[in-house]
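The data block below is model.cif; it holds mmCIF, N, CA and C atoms.
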data_model
#
loop_
_atom_site.label_atom_id
_atom_site.label_comp_id
_atom_site.auth_asym_id
_atom_site.auth_seq_id
_atom_site.Cartn_x
_atom_site.Cartn_y
_atom_site.Cartn_z
N MET A 1 -6.38 20.72 43.37
CA MET A 1 -7.29 19.66 42.98
C MET A 1 -7.26 19.50 41.47
N ILE A 2 -6.27 18.88 41.01
CA ILE A 2 -6.12 18.71 39.58
C ILE A 2 -6.54 17.31 39.21
N GLY A 3 -7.55 17.22 38.34
CA GLY A 3 -7.94 15.93 37.79
C GLY A 3 -9.07 15.24 38.51
N SER A 4 -9.44 14.09 37.95
CA SER A 4 -10.43 13.18 38.52
C SER A 4 -10.40 11.93 37.68
N LEU A 5 -11.31 11.05 37.95
CA LEU A 5 -11.36 9.82 37.18
C LEU A 5 -11.65 10.08 35.71
N ASP A 6 -12.40 11.15 35.40
CA ASP A 6 -12.78 11.45 34.03
C ASP A 6 -11.86 12.45 33.35
N ALA A 7 -10.93 13.03 34.07
CA ALA A 7 -10.09 14.09 33.53
C ALA A 7 -8.95 13.53 32.68
N ALA A 8 -8.33 14.43 31.94
CA ALA A 8 -7.15 14.08 31.15
C ALA A 8 -6.03 13.68 32.10
N PRO A 9 -5.03 12.98 31.59
CA PRO A 9 -3.89 12.62 32.44
C PRO A 9 -3.27 13.86 33.08
N ALA A 10 -2.61 13.67 34.23
CA ALA A 10 -1.98 14.79 34.93
C ALA A 10 -1.15 15.60 33.95
N GLY A 11 -1.37 16.90 33.92
CA GLY A 11 -0.64 17.78 33.01
C GLY A 11 -1.28 17.92 31.65
N GLY A 12 -2.45 17.27 31.44
CA GLY A 12 -3.15 17.36 30.17
C GLY A 12 -4.33 18.31 30.27
N CYS A 13 -4.77 18.79 29.13
CA CYS A 13 -5.89 19.72 29.04
C CYS A 13 -7.18 19.08 29.57
N SER A 14 -7.99 19.85 30.29
CA SER A 14 -9.25 19.37 30.85
C SER A 14 -10.41 19.37 29.86
N ARG A 15 -10.23 19.96 28.69
CA ARG A 15 -11.28 19.97 27.67
C ARG A 15 -11.51 18.54 27.20
N ALA A 16 -12.75 18.10 27.21
CA ALA A 16 -13.09 16.73 26.83
C ALA A 16 -12.52 16.41 25.45
N GLY A 17 -11.86 15.28 25.37
CA GLY A 17 -11.31 14.82 24.10
C GLY A 17 -9.95 15.39 23.75
N CYS A 18 -9.48 16.37 24.49
CA CYS A 18 -8.18 16.98 24.19
C CYS A 18 -7.10 16.25 24.98
N ARG A 19 -6.01 15.95 24.31
CA ARG A 19 -4.89 15.27 24.96
C ARG A 19 -3.61 16.10 24.88
N GLU A 20 -3.76 17.40 24.59
CA GLU A 20 -2.60 18.29 24.53
C GLU A 20 -2.09 18.59 25.94
N ALA A 21 -0.83 18.93 26.02
CA ALA A 21 -0.23 19.31 27.29
C ALA A 21 -0.81 20.65 27.75
N ALA A 22 -1.04 20.78 29.04
CA ALA A 22 -1.58 22.02 29.61
C ALA A 22 -0.49 23.09 29.69
N THR A 23 -0.89 24.31 29.43
CA THR A 23 -0.01 25.46 29.57
C THR A 23 -0.59 26.48 30.54
N SER A 24 -1.87 26.31 30.88
CA SER A 24 -2.54 27.23 31.79
C SER A 24 -3.30 26.45 32.86
N ARG A 25 -3.40 27.09 34.00
CA ARG A 25 -4.13 26.54 35.14
C ARG A 25 -5.32 27.47 35.38
N ILE A 26 -6.51 26.90 35.50
CA ILE A 26 -7.72 27.69 35.73
C ILE A 26 -8.30 27.30 37.09
N ASP A 27 -8.19 28.20 38.05
CA ASP A 27 -8.73 27.96 39.39
C ASP A 27 -10.09 28.65 39.48
N TRP A 28 -11.09 27.93 39.99
CA TRP A 28 -12.44 28.46 40.03
C TRP A 28 -13.21 27.84 41.18
N ARG A 29 -14.37 28.44 41.45
CA ARG A 29 -15.31 27.85 42.42
C ARG A 29 -16.73 28.29 42.09
N ASN A 30 -17.67 27.49 42.51
CA ASN A 30 -19.08 27.81 42.36
C ASN A 30 -19.53 28.40 43.69
N PRO A 31 -19.73 29.71 43.77
CA PRO A 31 -20.07 30.35 45.05
C PRO A 31 -21.40 29.90 45.64
N LYS A 32 -22.26 29.31 44.84
CA LYS A 32 -23.54 28.83 45.37
C LYS A 32 -23.38 27.57 46.21
N ILE A 33 -22.34 26.79 45.93
CA ILE A 33 -22.18 25.52 46.66
C ILE A 33 -20.81 25.34 47.32
N HIS A 34 -19.83 26.19 47.00
CA HIS A 34 -18.49 26.05 47.56
C HIS A 34 -18.19 27.21 48.52
N ALA A 35 -17.59 26.88 49.66
CA ALA A 35 -17.09 27.92 50.56
C ALA A 35 -15.94 28.64 49.87
N GLU A 36 -15.57 29.81 50.38
CA GLU A 36 -14.52 30.60 49.73
C GLU A 36 -13.19 29.87 49.68
N ASP A 37 -12.95 28.95 50.60
CA ASP A 37 -11.67 28.24 50.60
C ASP A 37 -11.69 26.99 49.71
N ARG A 38 -12.83 26.69 49.08
CA ARG A 38 -12.96 25.52 48.20
C ARG A 38 -12.74 25.96 46.77
N VAL A 39 -11.60 25.62 46.19
CA VAL A 39 -11.26 26.02 44.83
C VAL A 39 -10.96 24.78 44.01
N LYS A 40 -11.52 24.72 42.83
CA LYS A 40 -11.25 23.62 41.90
C LYS A 40 -10.28 24.11 40.84
N THR A 41 -9.57 23.18 40.23
CA THR A 41 -8.59 23.54 39.20
C THR A 41 -8.81 22.71 37.95
N TRP A 42 -8.84 23.39 36.83
CA TRP A 42 -8.82 22.74 35.52
C TRP A 42 -7.52 23.15 34.85
N LEU A 43 -7.05 22.32 33.96
CA LEU A 43 -5.87 22.63 33.17
C LEU A 43 -6.30 22.86 31.73
N ALA A 44 -5.55 23.69 31.01
CA ALA A 44 -5.92 24.01 29.63
C ALA A 44 -4.68 24.15 28.74
N CYS A 45 -4.82 23.66 27.52
CA CYS A 45 -3.80 23.90 26.51
C CYS A 45 -4.04 25.29 25.94
N ASP A 46 -3.12 25.76 25.10
CA ASP A 46 -3.26 27.09 24.51
C ASP A 46 -4.57 27.24 23.74
N GLU A 47 -4.98 26.19 23.04
CA GLU A 47 -6.18 26.25 22.22
C GLU A 47 -7.46 26.37 23.04
N HIS A 48 -7.51 25.77 24.24
CA HIS A 48 -8.76 25.70 24.99
C HIS A 48 -8.85 26.58 26.23
N VAL A 49 -7.79 27.33 26.56
CA VAL A 49 -7.83 28.13 27.77
C VAL A 49 -8.96 29.16 27.73
N ASP A 50 -9.16 29.84 26.61
CA ASP A 50 -10.24 30.83 26.52
C ASP A 50 -11.61 30.17 26.60
N TYR A 51 -11.78 29.03 25.94
CA TYR A 51 -13.06 28.31 25.98
C TYR A 51 -13.42 27.94 27.41
N LEU A 52 -12.48 27.34 28.15
CA LEU A 52 -12.76 26.89 29.51
C LEU A 52 -13.00 28.08 30.45
N ARG A 53 -12.19 29.14 30.30
CA ARG A 53 -12.38 30.34 31.13
C ARG A 53 -13.75 30.95 30.88
N GLU A 54 -14.13 31.08 29.61
CA GLU A 54 -15.43 31.67 29.27
C GLU A 54 -16.59 30.78 29.73
N PHE A 55 -16.42 29.46 29.67
CA PHE A 55 -17.43 28.52 30.14
C PHE A 55 -17.75 28.80 31.62
N LEU A 56 -16.71 29.01 32.42
CA LEU A 56 -16.89 29.27 33.85
C LEU A 56 -17.38 30.69 34.11
N ALA A 57 -16.81 31.66 33.41
CA ALA A 57 -17.20 33.06 33.60
C ALA A 57 -18.66 33.29 33.22
N ALA A 58 -19.15 32.57 32.23
CA ALA A 58 -20.55 32.71 31.80
C ALA A 58 -21.52 32.30 32.92
N ARG A 59 -21.03 31.51 33.85
CA ARG A 59 -21.84 31.07 34.99
C ARG A 59 -21.59 31.94 36.22
N SER A 60 -20.86 33.03 36.03
CA SER A 60 -20.52 33.98 37.10
C SER A 60 -19.69 33.35 38.20
N PHE A 61 -18.88 32.35 37.85
CA PHE A 61 -17.98 31.74 38.82
C PHE A 61 -16.71 32.58 38.89
N PRO A 62 -16.18 32.79 40.09
CA PRO A 62 -14.88 33.45 40.19
C PRO A 62 -13.82 32.57 39.51
N VAL A 63 -13.03 33.16 38.63
CA VAL A 63 -12.06 32.42 37.83
C VAL A 63 -10.71 33.13 37.88
N ARG A 64 -9.65 32.37 38.05
CA ARG A 64 -8.30 32.92 37.98
C ARG A 64 -7.47 32.03 37.06
N VAL A 65 -6.84 32.61 36.05
CA VAL A 65 -6.01 31.87 35.10
C VAL A 65 -4.55 32.22 35.36
N SER A 66 -3.71 31.20 35.43
CA SER A 66 -2.28 31.41 35.60
C SER A 66 -1.53 30.38 34.76
N SER A 67 -0.24 30.58 34.61
CA SER A 67 0.53 29.62 33.82
C SER A 67 0.66 28.31 34.60
N PHE A 68 0.86 27.24 33.86
CA PHE A 68 0.97 25.90 34.45
C PHE A 68 2.27 25.26 34.01
N GLU A 69 2.99 24.73 34.96
CA GLU A 69 4.21 23.96 34.69
C GLU A 69 3.87 22.50 34.95
N ALA A 70 4.35 21.59 34.12
CA ALA A 70 4.06 20.17 34.27
C ALA A 70 4.42 19.66 35.67
N THR A 71 5.39 20.26 36.32
CA THR A 71 5.76 19.83 37.67
C THR A 71 4.67 20.16 38.68
N ASP A 72 3.77 21.10 38.34
CA ASP A 72 2.64 21.43 39.22
C ASP A 72 1.67 20.27 39.34
N ALA A 73 1.65 19.36 38.37
CA ALA A 73 0.69 18.27 38.35
C ALA A 73 0.88 17.30 39.50
N ALA A 74 2.04 17.29 40.11
CA ALA A 74 2.30 16.38 41.22
C ALA A 74 1.72 16.89 42.52
N ALA A 75 1.10 18.05 42.51
CA ALA A 75 0.56 18.67 43.71
C ALA A 75 -0.57 17.86 44.34
N PRO A 76 -1.73 18.43 44.61
CA PRO A 76 -2.79 17.75 45.34
C PRO A 76 -3.36 16.53 44.62
N ALA A 77 -3.91 15.65 45.41
CA ALA A 77 -4.55 14.45 44.88
C ALA A 77 -5.84 14.81 44.17
N PRO A 78 -6.31 13.95 43.25
CA PRO A 78 -7.57 14.20 42.54
C PRO A 78 -8.74 14.28 43.51
N SER A 79 -9.75 15.06 43.14
CA SER A 79 -10.95 15.15 43.97
C SER A 79 -12.14 14.74 43.13
N PRO A 80 -13.10 14.07 43.73
CA PRO A 80 -14.30 13.68 42.99
C PRO A 80 -15.04 14.89 42.45
N GLY A 81 -15.56 14.78 41.23
CA GLY A 81 -16.40 15.83 40.68
C GLY A 81 -15.69 16.89 39.88
N ALA A 82 -14.39 16.81 39.73
CA ALA A 82 -13.66 17.81 38.93
C ALA A 82 -13.25 17.18 37.63
N GLY A 83 -14.21 17.06 36.72
CA GLY A 83 -13.96 16.34 35.47
C GLY A 83 -13.76 17.22 34.26
N ALA A 84 -13.64 16.58 33.14
CA ALA A 84 -13.46 17.29 31.88
C ALA A 84 -14.74 18.01 31.47
N VAL A 85 -14.59 19.02 30.65
CA VAL A 85 -15.72 19.84 30.25
C VAL A 85 -15.94 19.77 28.76
N GLY A 86 -17.20 19.70 28.37
CA GLY A 86 -17.57 19.78 26.96
C GLY A 86 -17.20 18.54 26.18
N GLY A 87 -17.89 18.34 25.11
CA GLY A 87 -17.62 17.19 24.26
C GLY A 87 -17.20 17.63 22.88
N GLY A 88 -16.62 16.74 22.15
CA GLY A 88 -16.25 17.05 20.77
C GLY A 88 -15.12 18.03 20.69
N SER A 89 -15.04 18.69 19.55
CA SER A 89 -13.95 19.64 19.35
C SER A 89 -14.43 21.06 19.58
N ALA A 90 -13.47 21.94 19.77
CA ALA A 90 -13.81 23.34 20.10
C ALA A 90 -14.34 24.08 18.91
#
Encoded form (structure tokens):
Amino acid sequence: MIGSLDAAPAGGCSRAGCREAATSRIDWRNPKIHAEDRVKTWLACDEHVDYLREFLAARSFPVRVSSFEATDAAAPAPSPGAGAVGGGSA
């Protein structure tokens, strides 16, 4: 589930306002509202991977970070509600 209407272009960082190419994939879920098989994905550039991971971890969400290849962006279709995070610069 990479992207949404508000997210960066496929293969771009999910941090709001960032247009850098993604190098990391952040898979996460909110255990209070998502079943174990429901996982969302954000993408991150080198500069924002720690910020996005910490944003999710601070909420006690299960988080897994792995490398991202631009060819991965062609995978699943966008899902509603998986948008960019944070405003302004890091």
If you count all atoms listed in the file, which residues fall within 6.5 Å of Cys45 (chain A), apart from same-chain ones fewer than 2 positions away, as a PyMOL selection string? chain A and resi 12-14+20-24+43+47-49
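Taking only N, CA and C atoms, the non-local environment of Ser66 (chain A) within 8 Å (same-chain residues fewer than 3 positions away omitted) comprises Thr23, Ser24, Arg25, Ile26, Asp27, Val63 and Glu69 of chain A.
Using only C-alpha atoms for every distance, the candidate list A:Ala44, A:Ala58, A:Ala35, A:Val65 yields A:Ala44 as the residue closest to Ala16 (chain A).
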Expressed in Å to a single decimal, how great is the separation between atom C of Arg64 (chain A) and atom N of Trp28 (chain A)?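 Separation of atom C of Arg64 (chain A) and atom N of Trp28 (chain A): 6.2 Å.
Across A:Gly11, A:Asn30, A:Thr41, A:Cys18, the tightest approach to Ser60 (chain A) is made by A:Asn30 when counting only C-alpha atoms.
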Between A:His34, A:Arg29, A:Arg19, A:Lys40, which one has atoms that come closest to Ala57 (chain A), using only C-alpha atoms?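 Looking at the shortest contact to Ala57 (chain A), the residue is A:Arg29.
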